[in-house]
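Quick notes on the structure that follows.
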Amino acid sequence: MLSAALSGFSLAAGLIIAIGSQNAHVLRMGLLRQHVGKTVLVCMLSDALLIAAGVAGMGTLVQQHPLLLDLTRWGGAAFLFWYGLRAWRAAFASESLNLGDTAPRYTARQAMLTVLAFTLLNPHVYLDTVVLLGSIGAQQPGEGKLWFAIGSTAASILWFTALGYGARLLAPLFARPLSWRLLDGLVGTVMWSLTLSLVWR
């Protein structure tokens, strides 16, 4: 059981800990200290549900119906392009370059909808959790499936908690306008790179 849990943990960690749209958004919310708990919770619960669905056999279903991924791919590409454009505009807008009262603020509803969009409109999330983790987890014998899913989910919980709440340690660095410009530029680049990877397949 421990072997299955460690296998799930290490594989999930390798997939999750990478520069991507979801991670970039969680980092930004952590730096702004806006709805961090809600943002982190949505990421963790989404991963847990998708991993569980994959291990339960949904990964096979998705592979047999590629139209589901195609619909998500084009919707995700449109969303990521829009968010990338927003990030580039923010990089040149002085009003968004600080952590004080003039920083743009999300309502709780906006924060939840945005992180859900990053999670559910990104086909890579389904490929990583439902298809890849799910297919490997489904091959575990007996209770190994459960422990593989637990290990994978634990990696997600630890990572998003560290990213969201650890971002505040970088606050002094991002009190400088140049740092915010660089972050927004990086986010915009990541979003548009992901958009191209979804469109040109």
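Labeling convention for the structure tokens: chains A, B, ... as they appear, residues from 1 per chain, ligands from 1 in order of appearance.
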Secondary structure check, helix (DSSP H, G or I) residues of chain A, as a PyMOL selection string: chain A and resi 2-16+21-32+36-64+66-91+94-96+108-120+123-138+144-170+173-175+177-199
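Neighbouring residues of Gly30 (chain A) at 8 Å or closer, counting only C-alpha atoms and skipping chain neighbours under 4 positions away, are Val26, Gln34, Val36, Leu163, Gly164, Tyr165, Gly166, Ala167 and Arg168 of chain A.
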Write a file of the just-selected residues containing N, CA and C atoms, as a compact mmCIF listing (two decimals), in the first residue's frame.
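So again-v9.txt came out as:
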# COMPACT_ATOMS: atom_id res chain seq x y z
N VAL A 26 -2.56 30.69 -9.17
CA VAL A 26 -2.50 30.49 -7.72
C VAL A 26 -1.39 31.36 -7.11
N GLN A 34 -5.46 37.49 -1.96
CA GLN A 34 -6.88 37.56 -2.21
C GLN A 34 -7.47 36.16 -2.37
N VAL A 36 -7.07 33.34 -1.07
CA VAL A 36 -6.08 32.27 -1.22
C VAL A 36 -6.68 30.93 -0.82
N LEU A 163 2.22 26.66 -2.55
CA LEU A 163 2.27 27.71 -3.56
C LEU A 163 1.41 28.91 -3.17
N GLY A 164 0.18 28.63 -2.73
CA GLY A 164 -0.73 29.72 -2.39
C GLY A 164 -0.30 30.50 -1.17
N TYR A 165 0.04 29.78 -0.09
CA TYR A 165 0.38 30.46 1.16
C TYR A 165 1.86 30.82 1.25
N GLY A 166 2.70 30.14 0.47
CA GLY A 166 4.12 30.47 0.47
C GLY A 166 4.43 31.69 -0.38
N ALA A 167 3.51 32.06 -1.27
CA ALA A 167 3.74 33.20 -2.15
C ALA A 167 3.97 34.49 -1.36
N ARG A 168 3.36 34.60 -0.18
CA ARG A 168 3.50 35.83 0.61
C ARG A 168 4.95 36.08 1.03
Coordinates-based distance that separates CA of Phe118 (chain A) from CA of Ile51 (chain A) (Å, one decimal):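 A separation of 16.7 Å between them.
Here the question is which of A:Ile150, A:Leu133, A:Val40, A:Leu45 gets nearest to Ala5 (chain A) using only C-alpha atoms, and that residue is A:Ile150.
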Computed interatomic separation between CA of Gly20 (chain A) and CA of Arg109 (chain A) (Å):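 It comes out at 22.4 Å.
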Selected residue of minimal separation from Val125 (chain A) among A:Val187, A:Gln110, A:Leu49, A:Trp147, counting only C-alpha atoms: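 Counting only C-alpha atoms, the residue closest to Val125 (chain A) is A:Leu49.
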Proximity to Met1 (chain A) - best of A:Ala108, A:Leu146, A:Leu67, A:Leu31, only C-alpha atoms: A:Leu146
